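What follows is the content of run39.pdb, which has PDB, C-alpha atoms, pLDDT in the B column:
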ATOM      1  CA  MET A   1      10.245  -8.429  12.122  1.00 64.00           C
ATOM      2  CA  ALA A   2       9.912  -4.843  10.916  1.00 77.00           C
ATOM      3  CA  PHE A   3       6.744  -2.909  11.726  1.00 88.00           C
ATOM      4  CA  ILE A   4       6.406  -1.999   8.044  1.00 92.00           C
ATOM      5  CA  GLU A   5       7.302  -4.604   5.440  1.00 92.00           C
ATOM      6  CA  ALA A   6       7.845  -3.676   1.796  1.00 94.00           C
ATOM      7  CA  LEU A   7       4.629  -4.080  -0.170  1.00 96.00           C
ATOM      8  CA  THR A   8       2.705  -2.774  -3.176  1.00 98.00           C
ATOM      9  CA  LEU A   9      -0.617  -0.997  -2.632  1.00 98.00           C
ATOM     10  CA  THR A  10      -2.974  -1.038  -5.621  1.00 98.00           C
ATOM     11  CA  GLY A  11      -6.128   0.906  -6.434  1.00 97.00           C
ATOM     12  CA  ARG A  12      -8.081   1.847  -9.554  1.00 96.00           C
ATOM     13  CA  HIS A  13      -6.213   5.108 -10.190  1.00 96.00           C
ATOM     14  CA  ALA A  14      -2.937   4.720  -8.315  1.00 97.00           C
ATOM     15  CA  ARG A  15      -0.442   2.010  -7.484  1.00 98.00           C
ATOM     16  CA  LEU A  16       2.298   2.443  -4.887  1.00 98.00           C
ATOM     17  CA  GLU A  17       5.435   0.347  -5.298  1.00 98.00           C
ATOM     18  CA  PRO A  18       8.528   0.374  -3.075  1.00 98.00           C
ATOM     19  CA  LEU A  19      11.112   2.847  -4.373  1.00 98.00           C
ATOM     20  CA  THR A  20      14.287   1.433  -5.944  1.00 97.00           C
ATOM     21  CA  LEU A  21      17.272   2.914  -7.749  1.00 96.00           C
ATOM     22  CA  ALA A  22      15.701   1.722 -11.011  1.00 97.00           C
ATOM     23  CA  HIS A  23      13.041   4.434 -10.658  1.00 98.00           C
ATOM     24  CA  HIS A  24      15.573   7.263 -11.067  1.00 97.00           C
ATOM     25  CA  ASP A  25      14.831   8.276 -14.666  1.00 97.00           C
ATOM     26  CA  ALA A  26      11.053   8.041 -14.353  1.00 97.00           C
ATOM     27  CA  LEU A  27      11.079  10.119 -11.140  1.00 96.00           C
ATOM     28  CA  THR A  28      13.284  12.699 -12.836  1.00 95.00           C
ATOM     29  CA  GLU A  29      10.707  13.015 -15.614  1.00 94.00           C
ATOM     30  CA  ALA A  30       7.897  13.308 -13.067  1.00 94.00           C
ATOM     31  CA  ALA A  31       9.717  16.152 -11.264  1.00 92.00           C
ATOM     32  CA  ARG A  32      10.268  17.909 -14.608  1.00 90.00           C
ATOM     33  CA  ASP A  33       6.474  17.975 -15.098  1.00 86.00           C
ATOM     34  CA  GLY A  34       5.945  21.361 -13.480  1.00 76.00           C
ATOM     35  CA  ALA A  35       9.623  21.939 -12.547  1.00 75.00           C
ATOM     36  CA  LEU A  36       8.583  21.106  -9.005  1.00 71.00           C
ATOM     37  CA  TRP A  37      11.981  21.886  -7.461  1.00 77.00           C
ATOM     38  CA  GLN A  38      11.336  25.589  -8.145  1.00 74.00           C
ATOM     39  CA  LEU A  39       8.736  25.694  -5.356  1.00 70.00           C
ATOM     40  CA  TRP A  40      10.834  27.164  -2.554  1.00 66.00           C
ATOM     41  CA  TYR A  41       8.692  25.702   0.247  1.00 71.00           C
ATOM     42  CA  THR A  42       9.021  22.065  -0.864  1.00 74.00           C
ATOM     43  CA  THR A  43      11.876  19.607  -1.091  1.00 78.00           C
ATOM     44  CA  VAL A  44      11.508  18.111  -4.553  1.00 85.00           C
ATOM     45  CA  PRO A  45      14.807  16.990  -6.081  1.00 88.00           C
ATOM     46  CA  THR A  46      16.214  18.490  -9.249  1.00 88.00           C
ATOM     47  CA  PRO A  47      17.287  16.170 -12.061  1.00 89.00           C
ATOM     48  CA  ASP A  48      20.869  16.512 -10.761  1.00 91.00           C
ATOM     49  CA  THR A  49      19.961  15.639  -7.158  1.00 93.00           C
ATOM     50  CA  MET A  50      17.498  12.791  -7.817  1.00 95.00           C
ATOM     51  CA  ALA A  51      20.084  10.031  -7.216  1.00 97.00           C
ATOM     52  CA  ALA A  52      21.023  11.500  -3.824  1.00 96.00           C
ATOM     53  CA  TYR A  53      17.321  11.893  -2.974  1.00 95.00           C
ATOM     54  CA  ILE A  54      16.683   8.208  -3.724  1.00 97.00           C
ATOM     55  CA  ASP A  55      19.789   7.166  -1.758  1.00 97.00           C
ATOM     56  CA  MET A  56      18.540   9.157   1.256  1.00 96.00           C
ATOM     57  CA  ALA A  57      15.062   7.609   1.027  1.00 97.00           C
ATOM     58  CA  LEU A  58      16.538   4.099   0.837  1.00 97.00           C
ATOM     59  CA  ALA A  59      18.816   4.867   3.809  1.00 97.00           C
ATOM     60  CA  MET A  60      15.742   5.915   5.800  1.00 95.00           C
ATOM     61  CA  ARG A  61      14.264   2.530   4.908  1.00 95.00           C
ATOM     62  CA  SER A  62      17.231   0.494   6.064  1.00 93.00           C
ATOM     63  CA  GLU A  63      18.162   2.586   9.114  1.00 94.00           C
ATOM     64  CA  LEU A  64      14.842   4.002  10.380  1.00 93.00           C
ATOM     65  CA  GLY A  65      12.150   1.588   9.183  1.00 93.00           C
ATOM     66  CA  ALA A  66      10.624   4.027   6.690  1.00 96.00           C
ATOM     67  CA  LEU A  67       9.009   2.821   3.472  1.00 97.00           C
ATOM     68  CA  PRO A  68       9.380   5.038   0.402  1.00 98.00           C
ATOM     69  CA  PHE A  69       7.083   4.445  -2.583  1.00 98.00           C
ATOM     70  CA  VAL A  70       6.801   5.595  -6.166  1.00 98.00           C
ATOM     71  CA  ILE A  71       3.304   6.646  -7.223  1.00 98.00           C
ATOM     72  CA  ILE A  72       2.159   5.112 -10.506  1.00 98.00           C
ATOM     73  CA  ASP A  73      -0.752   6.261 -12.673  1.00 97.00           C
ATOM     74  CA  GLN A  74      -2.773   3.091 -13.305  1.00 96.00           C
ATOM     75  CA  ARG A  75      -4.033   4.399 -16.676  1.00 94.00           C
ATOM     76  CA  ASP A  76      -0.655   4.289 -18.391  1.00 96.00           C
ATOM     77  CA  GLY A  77       1.830   2.848 -15.880  1.00 96.00           C
ATOM     78  CA  ARG A  78       3.723   6.148 -15.689  1.00 96.00           C
ATOM     79  CA  ILE A  79       5.487   7.115 -12.459  1.00 98.00           C
ATOM     80  CA  VAL A  80       4.055  10.475 -11.377  1.00 97.00           C
ATOM     81  CA  GLY A  81       5.706  11.040  -8.002  1.00 96.00           C
ATOM     82  CA  CYS A  82       6.668   9.540  -4.688  1.00 96.00           C
ATOM     83  CA  THR A  83       5.615   9.362  -1.044  1.00 97.00           C
ATOM     84  CA  ARG A  84       6.641   7.481   2.078  1.00 97.00           C
ATOM     85  CA  TYR A  85       5.828   6.201   5.498  1.00 97.00           C
ATOM     86  CA  PHE A  86       8.420   7.567   7.952  1.00 96.00           C
ATOM     87  CA  ASN A  87       8.861   8.768  11.539  1.00 96.00           C
ATOM     88  CA  VAL A  88       7.714   5.269  12.359  1.00 96.00           C
ATOM     89  CA  ASP A  89       6.985   4.612  16.035  1.00 96.00           C
ATOM     90  CA  ALA A  90       6.119   0.910  16.191  1.00 95.00           C
ATOM     91  CA  THR A  91       5.827   0.907  19.995  1.00 96.00           C
ATOM     92  CA  ASN A  92       3.067   3.501  19.921  1.00 97.00           C
ATOM     93  CA  ARG A  93       1.691   2.400  16.522  1.00 97.00           C
ATOM     94  CA  ARG A  94       2.120   5.833  14.929  1.00 97.00           C
ATOM     95  CA  LEU A  95       3.710   6.993  11.707  1.00 97.00           C
ATOM     96  CA  GLU A  96       3.841   9.923   9.356  1.00 97.00           C
ATOM     97  CA  ILE A  97       2.951  10.080   5.668  1.00 97.00           C
ATOM     98  CA  GLY A  98       5.093  12.596   3.859  1.00 95.00           C
ATOM     99  CA  HIS A  99       7.888  13.405   1.444  1.00 94.00           C
ATOM    100  CA  THR A 100       5.022  13.367  -1.048  1.00 93.00           C
ATOM    101  CA  TRP A 101       5.218  15.121  -4.375  1.00 93.00           C
ATOM    102  CA  LEU A 102       3.349  14.651  -7.620  1.00 92.00           C
ATOM    103  CA  ALA A 103       3.961  15.726 -11.204  1.00 93.00           C
ATOM    104  CA  ALA A 104       1.913  18.827 -12.003  1.00 90.00           C
ATOM    105  CA  SER A 105      -0.292  16.793 -14.374  1.00 90.00           C
ATOM    106  CA  ALA A 106      -1.267  14.418 -11.518  1.00 90.00           C
ATOM    107  CA  GLN A 107      -2.001  17.037  -8.870  1.00 86.00           C
ATOM    108  CA  ARG A 108      -5.627  17.577  -7.778  1.00 82.00           C
ATOM    109  CA  SER A 109      -6.563  14.250  -9.342  1.00 86.00           C
ATOM    110  CA  ALA A 110      -8.003  10.920  -8.261  1.00 92.00           C
ATOM    111  CA  ILE A 111      -4.406   9.659  -8.136  1.00 94.00           C
ATOM    112  CA  ASN A 112      -3.594  11.922  -5.185  1.00 90.00           C
ATOM    113  CA  THR A 113      -6.803  11.063  -3.330  1.00 93.00           C
ATOM    114  CA  GLU A 114      -6.365   7.349  -3.882  1.00 96.00           C
ATOM    115  CA  GLU A 115      -2.688   7.173  -2.954  1.00 95.00           C
ATOM    116  CA  LYS A 116      -3.559   8.750   0.400  1.00 95.00           C
ATOM    117  CA  MET A 117      -6.516   6.353   0.785  1.00 97.00           C
ATOM    118  CA  LEU A 118      -4.229   3.361   0.138  1.00 98.00           C
ATOM    119  CA  LEU A 119      -1.619   4.552   2.640  1.00 98.00           C
ATOM    120  CA  LEU A 120      -4.169   5.418   5.325  1.00 98.00           C
ATOM    121  CA  ARG A 121      -6.111   2.187   4.885  1.00 98.00           C
ATOM    122  CA  HIS A 122      -2.955   0.106   5.233  1.00 98.00           C
ATOM    123  CA  ALA A 123      -1.821   2.132   8.257  1.00 98.00           C
ATOM    124  CA  PHE A 124      -5.120   1.869  10.134  1.00 98.00           C
ATOM    125  CA  GLU A 125      -6.444  -1.509   9.002  1.00 98.00           C
ATOM    126  CA  HIS A 126      -3.284  -3.593   8.685  1.00 97.00           C
ATOM    127  CA  LEU A 127      -0.666  -1.902  10.857  1.00 97.00           C
ATOM    128  CA  ARG A 128      -3.339  -0.963  13.424  1.00 97.00           C
ATOM    129  CA  CYS A 129      -1.969   2.560  13.837  1.00 98.00           C
ATOM    130  CA  ILE A 130      -3.606   4.714  16.471  1.00 98.00           C
ATOM    131  CA  ALA A 131      -2.616   7.928  14.659  1.00 98.00           C
ATOM    132  CA  VAL A 132      -1.174   9.006  11.324  1.00 98.00           C
ATOM    133  CA  GLU A 133       0.464  12.417  10.931  1.00 98.00           C
ATOM    134  CA  LEU A 134       0.830  14.560   7.828  1.00 97.00           C
ATOM    135  CA  ARG A 135       2.987  17.684   7.884  1.00 96.00           C
ATOM    136  CA  THR A 136       3.719  20.506   5.498  1.00 94.00           C
ATOM    137  CA  HIS A 137       5.418  23.893   5.290  1.00 93.00           C
ATOM    138  CA  PHE A 138       3.276  26.721   6.659  1.00 95.00           C
ATOM    139  CA  MET A 139       3.593  28.549   3.310  1.00 92.00           C
ATOM    140  CA  ASN A 140       2.480  25.527   1.249  1.00 90.00           C
ATOM    141  CA  HIS A 141      -1.169  26.552   1.160  1.00 92.00           C
ATOM    142  CA  GLN A 142      -2.035  24.063  -1.595  1.00 87.00           C
ATOM    143  CA  SER A 143      -0.712  21.170   0.482  1.00 89.00           C
ATOM    144  CA  ARG A 144      -2.417  22.402   3.654  1.00 94.00           C
ATOM    145  CA  ALA A 145      -5.765  22.583   1.849  1.00 93.00           C
ATOM    146  CA  ALA A 146      -5.259  19.125   0.328  1.00 90.00           C
ATOM    147  CA  ILE A 147      -4.470  17.587   3.727  1.00 94.00           C
ATOM    148  CA  ALA A 148      -7.537  19.219   5.282  1.00 95.00           C
ATOM    149  CA  ARG A 149      -9.690  17.931   2.382  1.00 91.00           C
ATOM    150  CA  LEU A 150      -8.629  14.397   3.324  1.00 92.00           C
ATOM    151  CA  GLY A 151     -10.336  14.867   6.672  1.00 95.00           C
ATOM    152  CA  ALA A 152      -7.182  15.381   8.743  1.00 97.00           C
ATOM    153  CA  LYS A 153      -7.351  17.841  11.614  1.00 97.00           C
ATOM    154  CA  GLN A 154      -4.700  20.458  12.279  1.00 97.00           C
ATOM    155  CA  ASP A 155      -2.874  19.731  15.543  1.00 98.00           C
ATOM    156  CA  GLY A 156      -0.701  22.818  15.552  1.00 97.00           C
ATOM    157  CA  ILE A 157       2.252  24.679  14.090  1.00 97.00           C
ATOM    158  CA  LEU A 158       5.861  23.912  15.012  1.00 97.00           C
ATOM    159  CA  ARG A 159       7.584  27.281  14.645  1.00 97.00           C
ATOM    160  CA  ASN A 160      11.191  27.380  13.387  1.00 97.00           C
ATOM    161  CA  HIS A 161      10.898  23.603  13.178  1.00 96.00           C
ATOM    162  CA  ALA A 162      13.513  23.018  10.477  1.00 94.00           C
ATOM    163  CA  ILE A 163      16.168  24.753   8.422  1.00 93.00           C
ATOM    164  CA  MET A 164      15.514  24.556   4.681  1.00 87.00           C
ATOM    165  CA  ALA A 165      18.228  23.930   2.090  1.00 82.00           C
ATOM    166  CA  ASP A 166      18.325  27.677   1.327  1.00 86.00           C
ATOM    167  CA  GLY A 167      18.868  28.501   5.013  1.00 91.00           C
ATOM    168  CA  SER A 168      15.335  29.768   5.668  1.00 91.00           C
ATOM    169  CA  TYR A 169      13.396  28.474   8.662  1.00 94.00           C
ATOM    170  CA  ARG A 170      10.398  26.246   8.153  1.00 93.00           C
ATOM    171  CA  ASP A 171       7.291  26.561  10.269  1.00 96.00           C
ATOM    172  CA  THR A 172       5.710  23.100  10.045  1.00 96.00           C
ATOM    173  CA  VAL A 173       1.945  22.616  10.158  1.00 97.00           C
ATOM    174  CA  VAL A 174       1.069  19.284  11.789  1.00 98.00           C
ATOM    175  CA  PHE A 175      -2.138  17.444  10.905  1.00 98.00           C
ATOM    176  CA  SER A 176      -3.319  14.041  12.041  1.00 98.00           C
ATOM    177  CA  ILE A 177      -6.014  11.449  11.664  1.00 98.00           C
ATOM    178  CA  ILE A 178      -6.638   9.274  14.703  1.00 98.00           C
ATOM    179  CA  GLU A 179      -7.927   5.729  14.839  1.00 98.00           C
ATOM    180  CA  SER A 180     -11.494   6.671  15.861  1.00 98.00           C
ATOM    181  CA  GLU A 181     -11.752   9.126  12.944  1.00 98.00           C
ATOM    182  CA  TRP A 182     -10.623   6.632  10.302  1.00 98.00           C
ATOM    183  CA  PRO A 183     -14.074   5.153   9.459  1.00 98.00           C
ATOM    184  CA  ALA A 184     -15.488   8.609   8.626  1.00 97.00           C
ATOM    185  CA  VAL A 185     -12.336   9.635   6.726  1.00 97.00           C
ATOM    186  CA  ARG A 186     -12.395   6.341   4.775  1.00 97.00           C
ATOM    187  CA  ARG A 187     -16.042   6.899   3.832  1.00 97.00           C
ATOM    188  CA  HIS A 188     -15.309  10.490   2.801  1.00 96.00           C
ATOM    189  CA  LEU A 189     -12.354   9.467   0.606  1.00 95.00           C
ATOM    190  CA  GLN A 190     -14.327   6.633  -0.989  1.00 95.00           C
ATOM    191  CA  PHE A 191     -17.152   9.085  -1.735  1.00 95.00           C
ATOM    192  CA  LYS A 192     -14.669  11.421  -3.442  1.00 91.00           C
ATOM    193  CA  LEU A 193     -13.207   8.559  -5.485  1.00 93.00           C
ATOM    194  CA  ASP A 194     -16.629   7.262  -6.538  1.00 91.00           C
ATOM    195  CA  ARG A 195     -17.547  10.705  -7.866  1.00 84.00           C
TER     196      ARG A 195
END

Render the structure in this file as structure tokens.
Amino acid sequence: MAFIEALTLTGRHARLEPLTLAHHDALTEAARDGALWQLWYTTVPTPDTMAAYIDMALAMRSELGALPFVIIDQRDGRIVGCTRYFNVDATNRRLEIGHTWLAASAQRSAINTEEKMLLLRHAFEHLRCIAVELRTHFMNHQSRAAIARLGAKQDGILRNHAIMADGSYRDTVVFSIIESEWPAVRRHLQFKLDR
């Protein structure tokens, strides 16, 4: 049995459903909202590369035990982005949340807060993870601030950690939330959502 089984996570503002090929057109529209692929420090697919992006995410699912999701706005049922569990270490009950991007219109909204709450709650309360990592490019200051606002703590910076599509080197900032911190983080996120 896989550590992570396909499932749908539902909240008031956001719903996360397992990614399928059928989500191609809606994800393409979500990426167009803000032309997200123009941000040099992220890896958001262009309309022309969306099919390959989905194929890669589904390959990670079948080969590495990852679980990619689409993020749905509960108000209108519109797909506004995607995220995934990956770097899954079932033996040590750890995983990473990443490959997350949201349409510009959904950024800094309750959707973003709640999709992280849903993923973290499932990881800590159902999968019994002892730690969940979140990583981002050193230059992605908006993402770094958003991760810190969740209550994650910065573990460090992996210098020259990866080579980007344009050939530049990525310094990766690593954050985590550990099992003992989850109750306070959960309360903090619920407080933000209730406001």

Note to self: Given only C-alpha atoms as the basis, pick out the residue of A:Met164, A:Glu29, A:Leu9, A:Glu114 nearest to Phe191 in chain A.
What the structure shows: A:Glu114

Next item on the list: Using the chain letters and numbering of this document, enumerate as a list in words the residues selected by the PyMOL selection byres ((chain A and resi 22) around 12).
Entry: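 On the file shown, the PyMOL selection byres ((chain A and resi 22) around 12) covers Glu17, Pro18, Leu19, Thr20, Leu21, His23, His24, Asp25, Ala26, Leu27, Thr28, Met50, Ala51, Ile54, Asp55, Val70 and Ile79 of chain A.
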
Next, write the just-selected residues to a file, as a CSV table (one decimal), in the coordinates of the input, keeping C-alpha atoms as the atom set.
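Final file, again.csv:
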chain,number,residue,atom,x,y,z
A,17,GLU,CA,5.4,0.3,-5.3
A,18,PRO,CA,8.5,0.4,-3.1
A,19,LEU,CA,11.1,2.8,-4.4
A,20,THR,CA,14.3,1.4,-5.9
A,21,LEU,CA,17.3,2.9,-7.7
A,23,HIS,CA,13.0,4.4,-10.7
A,24,HIS,CA,15.6,7.3,-11.1
A,25,ASP,CA,14.8,8.3,-14.7
A,26,ALA,CA,11.1,8.0,-14.4
A,27,LEU,CA,11.1,10.1,-11.1
A,28,THR,CA,13.3,12.7,-12.8
A,50,MET,CA,17.5,12.8,-7.8
A,51,ALA,CA,20.1,10.0,-7.2
A,54,ILE,CA,16.7,8.2,-3.7
A,55,ASP,CA,19.8,7.2,-1.8
A,70,VAL,CA,6.8,5.6,-6.2
A,79,ILE,CA,5.5,7.1,-12.5

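Residues lying within 10 Å of Arg128 in chain A, counting only C-alpha atoms and ignoring same-chain neighbours fewer than 4 positions away, are Arg93, Arg94, Arg121, His122, Ala123, Phe124 and Glu179 of chain A.
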
Check: Which residues match the PyMOL selection byres ((chain A and resi 99) around 7) in the file above, as a PyMOL selection string?
Finding: chain A and resi 83-84+98+100-101

Take the residues that were just selected and, keeping C-alpha atoms, output them as a PDB file, in the frame of the given file.
ATOM      1  CA  THR A  83       5.615   9.362  -1.044  1.00 97.00           C
ATOM      2  CA  ARG A  84       6.641   7.481   2.078  1.00 97.00           C
ATOM      3  CA  GLY A  98       5.093  12.596   3.859  1.00 95.00           C
ATOM      4  CA  THR A 100       5.022  13.367  -1.048  1.00 93.00           C
ATOM      5  CA  TRP A 101       5.218  15.121  -4.375  1.00 93.00           C
TER       6      TRP A 101
END

Notebook entry, point to check: Pick from A:Leu158, A:His13, A:Ala165, A:Ile97: nearest to Val44 in chain A, with all atoms listed in the file counted?
Noted result: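 Going through A:Leu158, A:His13, A:Ala165, A:Ile97 one by one, the smallest distance to Val44 in chain A is for A:Ala165.
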
Note to self: I'd like the neighbourhood of Met139 in chain A as a PyMOL selection string, where a residue qualifies if any of its atoms comes within 12 Å (using only C-alpha atoms), though same-chain residues fewer than 6 positions away should be ignored.
What the structure shows: chain A and resi 39-42+145+157+169-173

For C-alpha atoms, I'd like the residues from the last selection saved as an mmCIF file, in the frame of the given file.
data_model
loop_
_atom_site.group_PDB
_atom_site.id
_atom_site.type_symbol
_atom_site.label_atom_id
_atom_site.label_comp_id
_atom_site.auth_asym_id
_atom_site.auth_seq_id
_atom_site.Cartn_x
_atom_site.Cartn_y
_atom_site.Cartn_z
ATOM 1 C CA LEU A 39 8.736 25.694 -5.356
ATOM 2 C CA TRP A 40 10.834 27.164 -2.554
ATOM 3 C CA TYR A 41 8.692 25.702 0.247
ATOM 4 C CA THR A 42 9.021 22.065 -0.864
ATOM 5 C CA ALA A 145 -5.765 22.583 1.849
ATOM 6 C CA ILE A 157 2.252 24.679 14.090
ATOM 7 C CA TYR A 169 13.396 28.474 8.662
ATOM 8 C CA ARG A 170 10.398 26.246 8.153
ATOM 9 C CA ASP A 171 7.291 26.561 10.269
ATOM 10 C CA THR A 172 5.710 23.100 10.045
ATOM 11 C CA VAL A 173 1.945 22.616 10.158
#

Check: Can you list, as JSON, numbers by chain, the residues that the PyMOL selection byres ((chain A and resi 73) around 9) selects here?
Finding: {"A": [13, 14, 15, 71, 72, 74, 75, 76, 77, 78, 79, 80, 106, 111]}

Note to self: Counting all atoms listed in the file, which residue out of A:Ala31, A:Leu102, A:Leu16, A:Met60 sits closest to Pro47 in chain A?
What the structure shows: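 Using all atoms listed in the file, Pro47 in chain A sits closest to A:Ala31.
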
Notebook entry, point to check: Quick one, how far is CA of Val185 in chain A from CA of Ala6 in chain A?
Noted result: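 Atom-to-atom, CA of Val185 in chain A to CA of Ala6 in chain A, that is 24.7 Å.
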
Check: Of the candidates A:Gly156, A:Pro45, A:Gly151, A:Gly167, which one gets nearest to Lys192 in chain A if we count all atoms listed in the file?
Finding: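 Looking only at the distances to Lys192 in chain A, the closest residue turns out to be A:Gly151.
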
Check: Around (-9.8, 3.1, 7.0) in the file's frame, which residues reach within 12 Å when counting all atoms listed in the file? Return as a PyMOL selection string?
Finding: chain A and resi 116-132+150-151+177-190
